[in-house]
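Asker: One structure follows; several queries about it will come next.
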Amino acid sequence: MSDVTSFGGMEEPIVARPRHYTFLLVEQDPDSRSLIHQALAADPDLPHAIEDAPDRAALEDDPGRAPRYDLIMTGLALDGLSGTEVIDRITHRWPDTPIVILTQPHETELAAELLKRIPVADYVLKTEQLLRLLPTIVHTTLEHAAVHRAAREAEERFRRMAENAPDMIFRWSYASGFEYVNPASTHIIGFTPEEHYADPGLGYRSIHEDDIPIYESVFAEIADPQGPRRHCVIRWFHKDGHIVYVEMRQTPIFDERGDLIAIEGIARDISQHVIARERLRELTTRLTHAQEEERRRIARELHDEIGQALTIVKMRLRMVENALAAQDGAALEKIEALRGVVDEALASVRSLSHELRPPLLDELGWEAAISWLCDSVSQRTGLPVAYTHEGEEIGRLPPQVELAAYRVVQEALTNIVRHAKASHASVTSRRIEGGLQLTVEDDGAGFDPDALRRADQPRSGLGLLGMEERAEAVGGHIRIDSAPGRGTRIEITLPAAPHEP
């Protein structure tokens, strides 16, 4: 469909005019020059101007004058120069210009060899068919030149971006090792691009020995054309010896037969993020420890001081009641009511003390504490919470792991009571290889975990975040399976030994 424009209310088509080309013709034979001019003039789709170069003067290197041509047509003999010398002078002065070689039948082998030196070129025989063939070959060569120029410009754009990128960008092939490495490699890993080019195995040898299995597993998946595309975080040894944490993303390059021939990838230095995350985890651990110590202190004070004070009040009320005997029925009723208030306060203090730091956790371990927690939640809220242990017994775990198990289950049950609108909940524990798995389930309203984490409210998802931080602090992890309308299942996996940062 052609473009249109409007003049005085009338639409006129805009016809794209063909480009006007400028050619250089290097040919000393006047008859051949005339034939070439005639051949190209007969093509209406090839508007052009031809500049003739009948001798070597046009090929002399002149720094002040190097006119631009869209295409050069040249013979292989000129004013005493050999065919090789003619092509060398042309490619030296106009290195990116496409060339059509005009050859005699006995020069075809030389022309074929010379074409290997020129990015875009073709040749045509000086025969009676030159009039018919030359315009087609010129068109084809110009089209190839346009494609080549577009590809070169795209490559230059990529190179400019890659050269200035802060991440390491590379291409590694099975045939020649590193084919491209951008300058960021010097900053990230300490080795220059030239050092990578000289040593195809440099990148692999720089990987920390403990992370080689991770890298090889990703590499094995990349080799499968139908396999997943994964990235990995590995440690590299910098040239000066320190550790660099790198997030690596790789893309496989396959040939037309489906064979893996190269890997293109990006490596980003995330060392500062890892260090910051470790410091945050350490700070969280210290804060959690301080919080637990404060909980222990408050629980002890509630039990020992306030609990004892309320017990003394209760005893004194009994003494007053005995002293009054049956003389004042109204006073006795009031004392009985006060004793009931004291009993309720004493029960609340004991319950609060146990919630802050249940003695069972220190005395009998995680399982007894979690079982008591489920019973306590059931009695306090009316929500049935069943606890079961499956498989063989586990026994005591390190204090940090037991505390993490209790607190994560406690937070999960608290969320169920507050938000789930469930009619039933359950907690299941089981031994797994290397540790403990706890599952907390409910039949409530459910939620979208991802949406909760993305919520704009700053306090949204803090319970989930706290649970994840508790588990991660001892080397565990949490998996949440939930959706609106179908309840929630939380799997907490904890190691048998605490994580050492």
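Order determines the names: the first chain of the structure tokens is A, the second B, and so forth; residues in each chain are numbered 1 upward, and ligands are numbered 1 upward as they are shown.
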Would you return as an MDAnalysis selection string the members of range 60-233 of chain A that DSSP assigns to strand (DSSP E or B) on this structure's backbone?
Answerer: chainID A and resid 71:75 78 81 99:103 121:125 168:173 177:181 207 231:233
Asker: Put those residues in a file: C-alpha atoms, as a short mmCIF file (atom, residue, chain, number, x, y, z; two decimals), in the first residue's frame.
Answerer:
```
data_model
loop_
_atom_site.label_atom_id
_atom_site.label_comp_id
_atom_site.auth_asym_id
_atom_site.auth_seq_id
_atom_site.Cartn_x
_atom_site.Cartn_y
_atom_site.Cartn_z
CA LEU A 71 30.41 0.32 -5.52
CA ILE A 72 33.68 -0.09 -7.39
CA MET A 73 33.97 -2.05 -10.64
CA THR A 74 37.54 -2.98 -11.55
CA GLY A 75 39.53 -4.99 -14.00
CA LEU A 78 45.77 -1.41 -14.91
CA LEU A 81 49.76 -3.05 -11.99
CA ILE A 99 33.64 -4.49 -5.41
CA VAL A 100 32.68 -6.19 -8.67
CA ILE A 101 35.73 -7.63 -10.43
CA LEU A 102 35.66 -7.54 -14.21
CA THR A 103 37.66 -10.55 -15.34
CA ALA A 121 32.37 -8.68 -3.65
CA ASP A 122 31.53 -10.61 -6.80
CA TYR A 123 32.96 -10.99 -10.29
CA VAL A 124 31.66 -11.07 -13.83
CA LEU A 125 33.32 -12.22 -17.04
CA MET A 168 31.10 -8.99 32.18
CA ILE A 169 29.80 -10.02 28.74
CA PHE A 170 31.44 -12.91 26.93
CA ARG A 171 31.16 -15.43 24.11
CA TRP A 172 32.93 -18.76 24.44
CA SER A 173 33.03 -21.29 21.61
CA GLY A 177 37.61 -20.62 23.37
CA PHE A 178 36.80 -17.01 24.27
CA GLU A 179 35.80 -15.09 21.15
CA TYR A 180 34.69 -11.95 22.95
CA VAL A 181 35.12 -10.59 26.47
CA ILE A 207 35.43 -21.05 39.82
CA HIS A 231 21.18 -18.89 35.89
CA CYS A 232 23.37 -19.56 38.88
CA VAL A 233 25.29 -17.74 41.58
#
```
Asker: Residues within 6 Å of Ile492 in chain A, please, as JSON, numbers by chain. Count only C-alpha atoms; anything in the same chain fewer than 5 positions from it doesn't count.
Answerer: {"A": [437, 438, 478]}
Asker: Using only C-alpha atoms for the distances, tell me which of A:His48, A:Arg56, A:Lys126, A:His92 is nearest to Val26 in chain A.
Answerer: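 Of A:His48, A:Arg56, A:Lys126, A:His92, the one nearest Val26 in chain A is A:Arg56, counting only C-alpha atoms.
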Asker: Counting only C-alpha atoms, which of A:Ser429, A:Leu346, A:Glu321, A:Met315 gets nearest to Glu367 in chain A?
Answerer: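 Looking at the shortest contact to Glu367 in chain A, the residue is A:Ser429.
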Asker: Would you kindly return, as a list of chain:residue names, each protein, DNA or RNA residue with an atom no farther than 8 Å from any atom of range 248-250 of chain A, considering only C-alpha atoms and excluding same-chain residues fewer than 3 positions away?
Answerer: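 In the requested form, the answer reads A:Ile222, A:Arg229, A:Arg230, A:His231, A:Cys232, A:Val233, A:Ile234, A:Ile263, A:Glu264, A:Gly265, A:Ile266, A:Ala267, A:Arg268.
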Asker: Using the selection just defined, write its residues with C-alpha atoms as a tab-separated table (two decimals), in the first residue's frame.
Answerer:
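Generated output (again-v5.tsv):
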```tsv
chain	number	residue	atom	x	y	z
A	222	ILE	CA	22.18	-25.68	28.74
A	229	ARG	CA	17.50	-21.96	30.78
A	230	ARG	CA	18.87	-21.34	34.25
A	231	HIS	CA	21.18	-18.89	35.89
A	232	CYS	CA	23.37	-19.56	38.88
A	233	VAL	CA	25.29	-17.74	41.58
A	234	ILE	CA	28.85	-18.98	41.94
A	263	ILE	CA	27.94	-20.03	25.01
A	264	GLU	CA	27.07	-16.37	25.35
A	265	GLY	CA	26.73	-15.04	28.84
A	266	ILE	CA	26.65	-12.19	31.32
A	267	ALA	CA	28.36	-12.28	34.70
A	268	ARG	CA	27.36	-9.70	37.31
```
Asker: Give the answer as one residue: which of A:Ile335, A:Leu46, A:Ile214, A:Leu114 has the shortest atom-to-atom distance to Glu85 in chain A, using only C-alpha atoms?
Answerer: A:Leu114
Asker: Could you pull out the alpha helix (DSSP H) residues of range 169-283 of chain A, going by DSSP on the backbone, and write them as number ranges by chain?
Answerer: A: 184-188, 193-198, 202-205, 212-222, 271-283
Asker: Using only C-alpha atoms, which of the listed residues (A:Leu338, A:Ala175, A:Leu280, A:Ala66) sits closest to Lys314 in chain A?
Answerer: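 Closest to Lys314 in chain A, using only C-alpha atoms: A:Leu338.
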Asker: Could you tell me how far CA of Ala184 in chain A sits from CA of Arg159 in chain A, in Å to one decimal place?
Answerer: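 Interatomic distance here is 12.5 Å.
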Asker: Can you work out which one of A:Glu336, A:Glu441, A:Asp481, A:Glu433 has the shortest atom-to-atom distance to Leu494 in chain A, counting only C-alpha atoms?
Answerer: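 For Leu494 in chain A, the nearest of the given residues is A:Glu433.
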Asker: May I ask which of the residues A:Leu24, A:Leu324, A:Val147, A:Leu360 is the closest one to Pro54 in chain A, counting only C-alpha atoms?
Answerer: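 The answer is A:Leu24, which sits nearest to Pro54 in chain A.
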Asker: Which residues come within 8 Å of Tyr406 in chain A, counting only C-alpha atoms, excluding same-chain residues fewer than 6 positions away, as a list of chain:residue names?
Answerer: A:Trp366, A:Ala369, A:Ile370
Asker: For C-alpha atoms, I'd like the residues from the last selection saved as an mmCIF file, in the first residue's frame.
Answerer:
```cif
data_model
loop_
_atom_site.group_PDB
_atom_site.id
_atom_site.type_symbol
_atom_site.label_atom_id
_atom_site.label_comp_id
_atom_site.auth_asym_id
_atom_site.auth_seq_id
_atom_site.Cartn_x
_atom_site.Cartn_y
_atom_site.Cartn_z
ATOM 1 C CA TRP A 366 10.829 -28.706 70.528
ATOM 2 C CA ALA A 369 6.715 -27.299 73.290
ATOM 3 C CA ILE A 370 4.938 -27.457 69.917
#
```
